[in-house]
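Student: My structure file protein_35.cif, mmCIF, C-alpha atoms, is below:
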data_query
#
loop_
_atom_site.label_atom_id
_atom_site.label_comp_id
_atom_site.auth_asym_id
_atom_site.auth_seq_id
_atom_site.Cartn_x
_atom_site.Cartn_y
_atom_site.Cartn_z
CA MET J 1 2.09 62.34 -39.08
CA LYS J 2 1.63 60.32 -42.29
CA SER J 3 3.49 61.42 -45.40
CA LEU J 4 1.48 63.36 -47.93
CA PRO J 5 0.49 61.77 -51.21
CA SER J 6 2.93 62.25 -54.08
CA ILE J 7 0.90 65.04 -55.67
CA CYS J 8 3.13 68.07 -55.27
CA THR J 9 3.54 71.55 -56.65
CA VAL J 10 6.73 73.23 -57.77
CA HIS J 11 8.12 75.66 -55.23
CA PRO J 12 7.27 79.20 -56.30
CA HIS J 13 10.92 80.28 -55.97
CA ALA J 14 12.38 77.41 -57.97
CA HIS J 15 14.45 78.36 -61.05
CA THR J 16 12.54 78.39 -64.29
CA PRO J 17 13.51 75.17 -65.99
CA THR J 18 15.40 75.40 -69.25
CA PRO J 19 13.91 73.78 -72.31
CA PRO J 20 14.49 70.04 -72.27
CA PRO J 21 17.54 68.89 -74.26
CA PRO J 22 17.12 66.79 -77.31
CA PRO J 23 16.69 63.08 -76.82
CA VAL J 24 19.75 61.24 -75.67
CA ALA J 25 20.82 57.90 -76.78
CA GLY J 26 17.99 55.44 -76.38
CA GLY J 27 15.37 58.05 -77.36
CA SER J 28 14.38 59.11 -73.79
CA ARG J 29 14.12 62.59 -72.32
CA PRO J 30 14.61 63.71 -68.73
CA SER J 31 11.43 63.66 -66.65
CA PRO J 32 9.46 66.95 -66.78
CA MET J 33 9.60 66.96 -62.97
CA THR J 34 13.36 67.54 -63.07
CA THR J 35 15.46 70.59 -63.89
CA THR J 36 18.85 70.74 -65.43
CA THR J 37 21.94 72.64 -64.49
CA THR J 38 24.05 74.64 -66.92
CA SER J 39 26.19 71.57 -67.33
CA GLY J 40 23.14 69.60 -68.44
CA ALA J 41 23.07 67.31 -65.39
CA PRO J 42 19.56 66.80 -63.94
CA THR J 43 18.87 67.97 -60.42
CA PRO J 44 16.09 66.78 -58.09
CA PRO J 45 12.89 68.88 -58.16
CA ARG J 46 12.15 71.26 -55.30
CA PHE J 47 8.80 70.72 -53.56
CA LYS J 48 6.60 73.00 -51.47
CA ARG J 49 5.80 71.49 -48.09
CA SER J 50 2.22 71.75 -46.90
CA PRO J 51 1.86 73.51 -43.53
CA HIS J 52 1.18 71.33 -40.50
CA ARG J 53 -2.52 70.97 -39.98
CA LYS J 54 -4.13 70.41 -36.62
CA LYS J 55 -6.15 67.24 -36.55
CA ARG J 56 -9.84 68.09 -36.60
CA GLN J 57 -12.11 66.60 -33.98
CA PRO J 58 -15.13 64.68 -35.29
CA ARG J 59 -18.29 66.68 -35.35
CA THR J 60 -20.98 65.81 -32.88
CA ARG J 61 -24.67 66.44 -32.82
CA ARG J 62 -27.03 66.55 -29.90
CA VAL J 63 -29.95 64.15 -29.91
CA ALA J 64 -33.06 64.46 -27.84
CA ALA J 65 -32.13 62.03 -25.11
CA GLY J 66 -29.06 64.06 -24.26
CA GLU J 67 -26.67 61.60 -25.89
CA THR J 68 -23.82 62.76 -28.10
CA ILE J 69 -23.13 60.81 -31.28
CA ALA J 70 -20.00 61.29 -33.37
CA ALA J 71 -20.71 62.09 -37.00
CA GLY J 72 -20.38 59.06 -39.21
CA LYS J 73 -20.88 56.57 -36.38
CA PRO J 74 -24.14 54.68 -35.98
CA PRO J 75 -26.12 55.63 -32.86
CA HIS J 76 -26.74 53.21 -30.06
CA PRO J 77 -29.86 51.10 -30.80
CA ALA J 78 -31.63 52.52 -27.74
CA CYS J 79 -31.11 56.07 -29.02
CA THR J 80 -32.38 55.09 -32.45
CA ALA J 81 -35.50 53.53 -31.03
CA VAL J 82 -36.53 56.52 -28.92
CA SER J 83 -34.51 59.68 -29.45
CA LEU J 84 -34.01 59.80 -33.22
CA GLN J 85 -37.51 58.70 -34.15
CA SER J 86 -39.20 60.92 -31.58
CA PRO J 87 -37.84 63.72 -29.41
CA PHE J 88 -40.06 62.45 -26.59
CA GLY J 89 -40.24 59.38 -24.42
CA PRO J 90 -42.47 56.37 -25.08
CA ALA J 91 -46.13 56.16 -24.12
CA LEU J 92 -46.53 55.08 -20.50
CA PRO J 93 -47.75 51.50 -20.00
CA ARG J 94 -51.24 50.75 -18.79
CA ASP J 95 -50.15 49.51 -15.36
CA PHE J 96 -48.54 52.90 -14.66
CA PHE J 97 -52.05 54.32 -14.19
CA GLU J 98 -53.60 51.45 -12.26
CA VAL J 99 -52.72 52.80 -8.83
CA ASP J 100 -54.47 54.94 -6.23
CA ALA J 101 -55.19 58.44 -7.56
CA LEU J 102 -53.25 59.89 -4.65
CA ASP J 103 -50.17 58.00 -5.86
CA LEU J 104 -50.74 58.62 -9.56
CA ALA J 105 -51.19 62.39 -9.24
CA PRO J 106 -47.59 63.32 -8.27
CA ARG J 107 -46.21 60.70 -10.64
CA LEU J 108 -47.89 62.48 -13.56
CA LEU J 109 -45.94 65.69 -12.93
CA GLY J 110 -43.30 66.11 -15.63
CA LYS J 111 -45.00 63.63 -17.96
CA LEU J 112 -46.08 64.73 -21.43
CA LEU J 113 -49.49 65.00 -23.07
CA ARG J 114 -49.39 64.70 -26.84
CA ARG J 115 -52.04 65.17 -29.47
CA ASP J 116 -50.76 65.60 -33.02
CA GLU J 117 -48.08 68.32 -33.05
CA VAL J 118 -49.06 69.70 -29.64
CA VAL J 119 -47.03 68.42 -26.69
CA LEU J 120 -47.55 69.72 -23.15
CA ARG J 121 -45.61 69.03 -19.96
CA ILE J 122 -47.86 68.42 -16.96
CA THR J 123 -47.09 70.89 -14.17
CA GLU J 124 -50.13 70.76 -11.88
CA VAL J 125 -52.70 68.09 -11.01
CA GLU J 126 -55.38 67.20 -8.45
CA ALA J 127 -56.30 63.75 -7.16
CA TYR J 128 -59.93 62.62 -6.81
CA ARG J 129 -60.50 59.36 -4.98
CA PRO J 130 -63.41 56.99 -4.31
CA ASN J 131 -65.63 58.07 -1.40
CA ASP J 132 -64.36 61.61 -2.03
CA SER J 133 -67.17 64.16 -1.71
CA ALA J 134 -65.49 66.26 -4.42
CA CYS J 135 -65.17 63.37 -6.92
CA HIS J 136 -67.66 62.85 -9.74
CA GLY J 137 -67.72 59.20 -8.75
CA ARG J 138 -69.84 60.16 -5.74
CA PHE J 139 -72.87 60.22 -8.07
CA GLY J 140 -72.34 56.60 -9.06
CA ILE J 141 -72.23 55.36 -12.64
CA THR J 142 -74.13 57.65 -15.00
CA ALA J 143 -73.83 58.42 -18.70
CA ARG J 144 -71.50 61.28 -17.78
CA THR J 145 -69.42 59.64 -15.06
CA ALA J 146 -69.12 56.12 -16.49
CA PRO J 147 -65.55 56.74 -17.78
CA VAL J 148 -64.37 57.49 -14.21
CA PHE J 149 -65.22 53.89 -13.30
CA GLY J 150 -63.20 52.46 -16.17
CA SER J 151 -59.71 51.03 -15.87
CA GLY J 152 -56.75 53.28 -15.17
CA GLY J 153 -55.08 54.98 -18.11
CA HIS J 154 -58.21 56.16 -19.92
CA ALA J 155 -59.29 59.75 -20.44
CA TYR J 156 -62.28 61.30 -18.72
CA VAL J 157 -63.29 64.59 -20.36
CA TYR J 158 -66.27 66.55 -19.07
CA LEU J 159 -67.79 69.94 -19.81
CA CYS J 160 -67.57 72.42 -16.93
CA TYR J 161 -70.03 75.36 -16.69
CA GLY J 162 -70.96 74.69 -20.31
CA LEU J 163 -67.63 76.23 -21.41
CA HIS J 164 -64.50 74.32 -20.44
CA MET J 165 -63.34 70.85 -21.42
CA MET J 166 -61.63 69.33 -18.38
CA LEU J 167 -59.16 66.50 -18.94
CA ASN J 168 -58.80 63.82 -16.28
CA VAL J 169 -56.65 60.70 -16.26
CA VAL J 170 -58.58 57.75 -14.84
CA ALA J 171 -56.73 56.02 -11.99
CA ASP J 172 -56.83 52.65 -10.26
CA LYS J 173 -58.61 49.46 -11.29
CA GLU J 174 -61.86 49.19 -13.18
CA GLY J 175 -64.89 49.94 -11.05
CA VAL J 176 -63.06 52.01 -8.41
CA GLY J 177 -64.12 55.46 -9.62
CA ALA J 178 -61.01 57.69 -9.29
CA ALA J 179 -59.16 60.14 -11.50
CA VAL J 180 -56.51 62.87 -11.65
CA LEU J 181 -57.46 66.29 -13.02
CA ILE J 182 -54.83 67.99 -15.21
CA ARG J 183 -54.85 71.58 -13.91
CA SER J 184 -51.88 73.18 -15.70
CA CYS J 185 -49.22 72.45 -18.29
CA ALA J 186 -46.24 74.06 -19.98
CA PRO J 187 -45.86 74.07 -23.78
CA VAL J 188 -43.22 71.81 -25.28
CA SER J 189 -44.08 71.91 -28.99
CA GLY J 190 -46.85 73.09 -31.28
CA LEU J 191 -47.01 76.58 -29.77
CA ALA J 192 -48.64 78.10 -32.87
CA THR J 193 -51.45 75.54 -32.75
CA ILE J 194 -51.88 76.08 -29.01
CA GLN J 195 -52.16 79.85 -29.52
CA GLN J 196 -54.63 79.41 -32.37
CA ARG J 197 -56.85 77.10 -30.32
CA ARG J 198 -56.63 79.36 -27.28
CA GLY J 199 -57.14 82.52 -29.32
CA GLN J 200 -54.17 84.15 -27.56
CA GLN J 201 -50.86 85.13 -29.16
CA THR J 202 -48.74 84.77 -26.05
CA ASP J 203 -46.17 82.39 -24.66
CA LYS J 204 -46.70 83.39 -21.05
CA PRO J 205 -48.11 81.06 -18.34
CA LEU J 206 -51.66 82.37 -18.66
CA LEU J 207 -51.78 80.35 -21.90
CA LEU J 208 -52.01 77.00 -20.08
CA THR J 209 -52.51 77.60 -16.36
CA GLY J 210 -55.99 76.26 -15.73
CA PRO J 211 -57.74 72.97 -16.60
CA GLY J 212 -60.07 74.56 -19.16
CA LYS J 213 -57.08 76.08 -20.96
CA VAL J 214 -55.37 72.70 -21.17
CA GLY J 215 -58.45 71.08 -22.70
CA GLN J 216 -58.78 73.91 -25.21
CA ALA J 217 -55.08 73.81 -26.17
CA LEU J 218 -55.41 70.09 -26.92
CA GLY J 219 -58.62 70.63 -28.89
CA LEU J 220 -60.58 68.18 -26.74
CA SER J 221 -64.27 67.38 -26.55
CA THR J 222 -66.25 64.88 -24.48
CA ASP J 223 -65.78 62.44 -27.37
CA TRP J 224 -62.30 61.79 -26.00
CA SER J 225 -63.70 60.19 -22.83
CA ASN J 226 -62.75 56.51 -22.57
CA HIS J 227 -59.81 57.01 -24.95
CA PRO J 228 -56.82 54.87 -23.85
CA LEU J 229 -53.90 57.20 -23.12
CA TYR J 230 -51.32 54.41 -23.23
CA THR J 231 -51.76 53.58 -26.93
CA PRO J 232 -49.83 55.41 -29.68
CA GLY J 233 -51.73 57.97 -31.70
CA GLY J 234 -54.59 60.26 -30.86
CA LEU J 235 -54.18 61.56 -27.31
CA GLU J 236 -51.45 59.93 -25.25
CA VAL J 237 -49.35 60.34 -22.11
CA LEU J 238 -45.60 60.02 -22.70
CA ASP J 239 -42.80 59.49 -20.24
CA GLY J 240 -40.90 62.54 -19.04
CA PRO J 241 -38.42 63.57 -16.32
CA GLU J 242 -39.59 63.65 -12.73
CA PRO J 243 -39.51 67.08 -11.06
CA GLU J 244 -36.87 67.62 -8.40
CA ASN J 245 -39.32 69.20 -5.96
CA ILE J 246 -43.09 69.11 -5.59
CA LEU J 247 -45.57 71.48 -3.97
CA VAL J 248 -48.78 70.32 -2.30
CA GLY J 249 -51.94 72.04 -1.13
CA PRO J 250 -55.73 71.85 -1.00
CA ARG J 251 -57.69 71.48 -4.24
CA VAL J 252 -59.33 74.44 -5.96
CA GLY J 253 -63.04 75.24 -6.28
CA ILE J 254 -64.53 72.39 -4.23
CA GLU J 255 -66.28 74.39 -1.51
CA TYR J 256 -69.30 72.10 -1.89
CA ALA J 257 -67.33 69.12 -0.54
CA SER J 258 -67.03 68.09 3.11
CA PRO J 259 -64.59 70.13 5.25
CA GLU J 260 -62.30 67.12 5.46
CA HIS J 261 -62.02 66.85 1.70
CA VAL J 262 -61.82 70.61 1.16
CA ALA J 263 -58.72 70.73 3.35
CA ALA J 264 -57.11 67.53 2.00
CA PRO J 265 -53.70 68.36 0.41
CA TRP J 266 -54.43 66.51 -2.83
CA ARG J 267 -53.24 69.21 -5.23
CA PHE J 268 -49.71 68.72 -6.58
CA ALA J 269 -47.50 71.06 -8.61
CA VAL J 270 -43.95 71.26 -9.92
CA ALA J 271 -41.88 73.56 -7.69
CA GLY J 272 -40.04 76.46 -9.29
CA THR J 273 -42.17 76.82 -12.42
CA PRO J 274 -44.47 79.75 -13.26
CA TRP J 275 -46.80 77.37 -15.13
CA ILE J 276 -49.14 76.88 -12.16
CA SER J 277 -52.69 78.16 -11.77
CA ALA J 278 -53.97 80.38 -8.97
CA PRO J 279 -54.06 80.37 -6.04
CA LYS J 280 -50.36 79.71 -5.50
CA ASN J 281 -50.16 80.88 -1.89
CA THR J 282 -51.89 77.71 -0.69
CA LEU J 283 -49.10 75.49 -1.98
CA ARG J 284 -46.28 74.30 0.29
CA PRO J 285 -43.18 72.12 -0.25
CA ARG J 286 -44.00 68.46 -0.04
#
Output the file's structure as structure tokens, nothing else.
Tutor:
Amino acid sequence: MKSLPSICTVHPHAHTPTPPPPPVAGGSRPSPMTTTTTSGAPTPPRFKRSPHRKKRQPRTRRVAAGETIAAGKPPHPACTAVSLQSPFGPALPRDFFEVDALDLAPRLLGKLLRRDEVVLRITEVEAYRPNDSACHGRFGITARTAPVFGSGGHAYVYLCYGLHMMLNVVADKEGVGAAVLIRSCAPVSGLATIQQRRGQQTDKPLLLTGPGKVGQALGLSTDWSNHPLYTPGGLEVLDGPEPENILVGPRVGIEYASPEHVAAPWRFAVAGTPWISAPKNTLRPR
């Protein structure tokens, strides 16, 4: 242990010093930090030792990426670039989406949807492929379905039953006509805004379990169709942790499709979360 600086206090039990004697030859007086005996001879001062202090550990703070940074030390550049500027991952690149819808759908589970302060974690999706009798692409390119035939990574938002805004992520290459429907999410941030848009003051799964609820929570309209989800700002899809286990089952509400496509297990959900829409009893481990 290093010695303490020479700033000391007089021991509380030290004798009260006598008044200093008159100057001695040479005009100097004894130092005020000394005492004198009855014989006039100076004695060394008595000091109070400071108690031994346990060395304190540097404080740490938790950053979003799960890293721990000691106080006073600069963070790793990678943490600065992602974690300290944003608590979420970066926007996914365009080529992430340019794959078959059946491959993209499970890969979207755990990813994040962000619009302004609202961030949602994707927990349930459905894949819609070309030549699929349940896919909007079966009608060909129309004013409504044109976004489905765009390049992967764009949004396709349509109005269902005149009430619900349904968000889809376009998949595959331009001209293919495939997409992934976002069926359910879990809130990550912006809960007050989500509740205000939904008109429900709850934090239970019914807030976001259903595609119309997701569109409403994000404040979407059909104007968001064709919006690139891989560019910062507006509506975007951010990277997020992959789920450990996935459930699969037939899609919901497509009784009009062919029996083959009605039974196809193209619905995917995160296992172990309550943030999944009904019916749940048709889902099985992947």
Student: Which is closer to Trp266 in chain J than all the others in J:Val252, J:Leu206, J:Ala217, J:Met165, using only C-alpha atoms?
Tutor: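 For Trp266 in chain J, the nearest of the given residues is J:Val252.
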Student: Separation of CA of Pro228 in chain J and CA of Ala155 in chain J, in Å?
Tutor: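 Atom-to-atom, CA of Pro228 in chain J to CA of Ala155 in chain J, that is 6.4 Å.
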Student: Go through J:Pro205, J:Gly162, J:Gly199, J:Pro93 one by one, measure the shortest atom-to-atom distance of each to Pro274 in chain J using only C-alpha atoms, and give the residue with the smallest value.
Tutor: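 Counting only C-alpha atoms, the residue closest to Pro274 in chain J is J:Pro205.
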Student: As an exercise, work out the distance from CA of Glu244 in chain J to CA of Leu109 in chain J in Å and give it to one decimal place.
Tutor: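 That distance, rounded to one decimal, is 10.3 Å.
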Student: Taking into account only C-alpha atoms, which residue in the set J:Leu208, J:Glu236, J:Phe149, J:Gly219 is nearest to Cys135 in chain J?
Tutor: J:Phe149
Student: Excluding Asp103 in chain J and any residue of its chain fewer than 4 positions from it, enumerate the residues within 9 Å of it, using only C-alpha atoms, and give them as a tab-separated table (two decimals) with C-alpha atoms, keeping the file's coordinate frame.
Tutor:
chain	number	residue	atom	x	y	z
J	99	VAL	CA	-52.72	52.80	-8.83
J	107	ARG	CA	-46.21	60.70	-10.64
J	127	ALA	CA	-56.30	63.75	-7.16
Student: Would you mind telling me which residue in J:Leu104, J:Val170, J:Val148, J:Ile246 lies nearest to Thr273 in chain J when using all atoms listed in the file?
Tutor: J:Ile246
Student: Quick check, in Å to one decimal: how far apart do CA of Ile194 in chain J and CA of Leu218 in chain J lie?
Tutor: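 Calculated distance between CA of Ile194 in chain J and CA of Leu218 in chain J is 7.3 Å.
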Student: With distances taken over only C-alpha atoms, which residue among J:Gly177, J:Gly249, J:Pro285, J:Asp100 lies nearest Phe139 in chain J?
Tutor: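 Comparing J:Gly177, J:Gly249, J:Pro285, J:Asp100 against Phe139 in chain J, the winner is J:Gly177.
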Student: Please evaluate the PyMOL selection byres ((chain J and resi 91) around 6) against the structure above and give the resulting residues as a ChimeraX atom specification.
Tutor: /J:90,92,230,237-238
Student: The PyMOL selection byres ((chain J and resi 184-191) around 10) - which residues does that actually catch in the file I just gave you? List them as a PyMOL selection string.
Tutor: chain J and resi 88+109-125+181-183+192-197+201-215+217+269-270+273-277
Student: May I have the residues at most 12 Å from (-66.9, 66.3, -18.1) in the file's coordinates, counting all atoms listed in the file, as a count of residues only?
Tutor: 37
Student: Would you mind writing range 132-143 of chain J with all heavy atoms, as a compact mmCIF listing (two decimals), in the frame of the given file?
Tutor:
# COMPACT_ATOMS: atom_id res chain seq x y z
N ASP J 132 -64.78 60.22 -2.14
CA ASP J 132 -64.36 61.61 -2.03
C ASP J 132 -65.57 62.47 -2.38
O ASP J 132 -66.13 62.37 -3.48
CB ASP J 132 -63.19 61.84 -3.00
CG ASP J 132 -62.70 63.27 -3.07
OD1 ASP J 132 -63.23 64.13 -2.35
OD2 ASP J 132 -61.78 63.51 -3.87
N SER J 133 -65.97 63.34 -1.48
CA SER J 133 -67.17 64.16 -1.71
C SER J 133 -66.97 65.21 -2.79
O SER J 133 -67.90 65.92 -3.14
CB SER J 133 -67.61 64.83 -0.40
OG SER J 133 -66.57 65.64 0.14
N ALA J 134 -65.75 65.33 -3.32
CA ALA J 134 -65.49 66.26 -4.42
C ALA J 134 -65.33 65.52 -5.75
O ALA J 134 -65.16 66.16 -6.80
CB ALA J 134 -64.22 67.07 -4.14
N CYS J 135 -65.39 64.18 -5.71
CA CYS J 135 -65.17 63.37 -6.92
C CYS J 135 -66.49 63.13 -7.64
O CYS J 135 -67.53 62.91 -7.01
CB CYS J 135 -64.53 62.04 -6.53
SG CYS J 135 -64.20 60.95 -7.94
N HIS J 136 -66.45 63.14 -8.96
CA HIS J 136 -67.66 62.85 -9.74
C HIS J 136 -68.16 61.43 -9.49
O HIS J 136 -69.35 61.15 -9.73
CB HIS J 136 -67.37 63.05 -11.23
CG HIS J 136 -67.30 64.48 -11.63
ND1 HIS J 136 -67.23 64.89 -12.94
CD2 HIS J 136 -67.29 65.62 -10.89
CE1 HIS J 136 -67.18 66.20 -13.01
NE2 HIS J 136 -67.19 66.67 -11.76
N GLY J 137 -67.30 60.57 -9.02
CA GLY J 137 -67.72 59.20 -8.75
C GLY J 137 -68.73 59.11 -7.62
O GLY J 137 -69.40 58.07 -7.46
N ARG J 138 -68.89 60.18 -6.87
CA ARG J 138 -69.84 60.16 -5.74
C ARG J 138 -71.28 60.03 -6.23
O ARG J 138 -72.18 59.64 -5.48
CB ARG J 138 -69.69 61.44 -4.90
CG ARG J 138 -70.21 62.71 -5.56
CD ARG J 138 -69.89 63.95 -4.71
NE ARG J 138 -70.45 65.18 -5.24
CZ ARG J 138 -69.91 65.91 -6.21
NH1 ARG J 138 -68.76 65.52 -6.75
NH2 ARG J 138 -70.50 67.02 -6.61
N PHE J 139 -71.52 60.34 -7.51
CA PHE J 139 -72.87 60.22 -8.07
C PHE J 139 -73.16 58.80 -8.56
O PHE J 139 -74.28 58.52 -9.00
CB PHE J 139 -73.04 61.19 -9.25
CG PHE J 139 -72.87 62.63 -8.88
CD1 PHE J 139 -71.85 63.40 -9.42
CD2 PHE J 139 -73.75 63.24 -7.98
CE1 PHE J 139 -71.71 64.74 -9.10
CE2 PHE J 139 -73.60 64.59 -7.65
CZ PHE J 139 -72.58 65.33 -8.20
N GLY J 140 -72.16 57.93 -8.50
CA GLY J 140 -72.34 56.60 -9.06
C GLY J 140 -72.15 56.61 -10.57
O GLY J 140 -71.75 57.62 -11.16
N ILE J 141 -72.43 55.48 -11.19
CA ILE J 141 -72.23 55.36 -12.64
C ILE J 141 -73.41 55.97 -13.37
O ILE J 141 -74.55 55.52 -13.24
CB ILE J 141 -72.05 53.88 -13.04
CG1 ILE J 141 -70.81 53.29 -12.35
CG2 ILE J 141 -71.90 53.77 -14.56
CD1 ILE J 141 -70.60 51.82 -12.63
N THR J 142 -73.13 57.00 -14.15
CA THR J 142 -74.13 57.65 -15.00
C THR J 142 -73.54 57.76 -16.40
O THR J 142 -72.37 57.42 -16.63
CB THR J 142 -74.48 59.06 -14.49
OG1 THR J 142 -73.32 59.90 -14.63
CG2 THR J 142 -74.91 59.03 -13.03
N ALA J 143 -74.35 58.26 -17.33
CA ALA J 143 -73.83 58.42 -18.70
C ALA J 143 -72.62 59.34 -18.72
O ALA J 143 -71.69 59.16 -19.50
CB ALA J 143 -74.95 58.97 -19.59
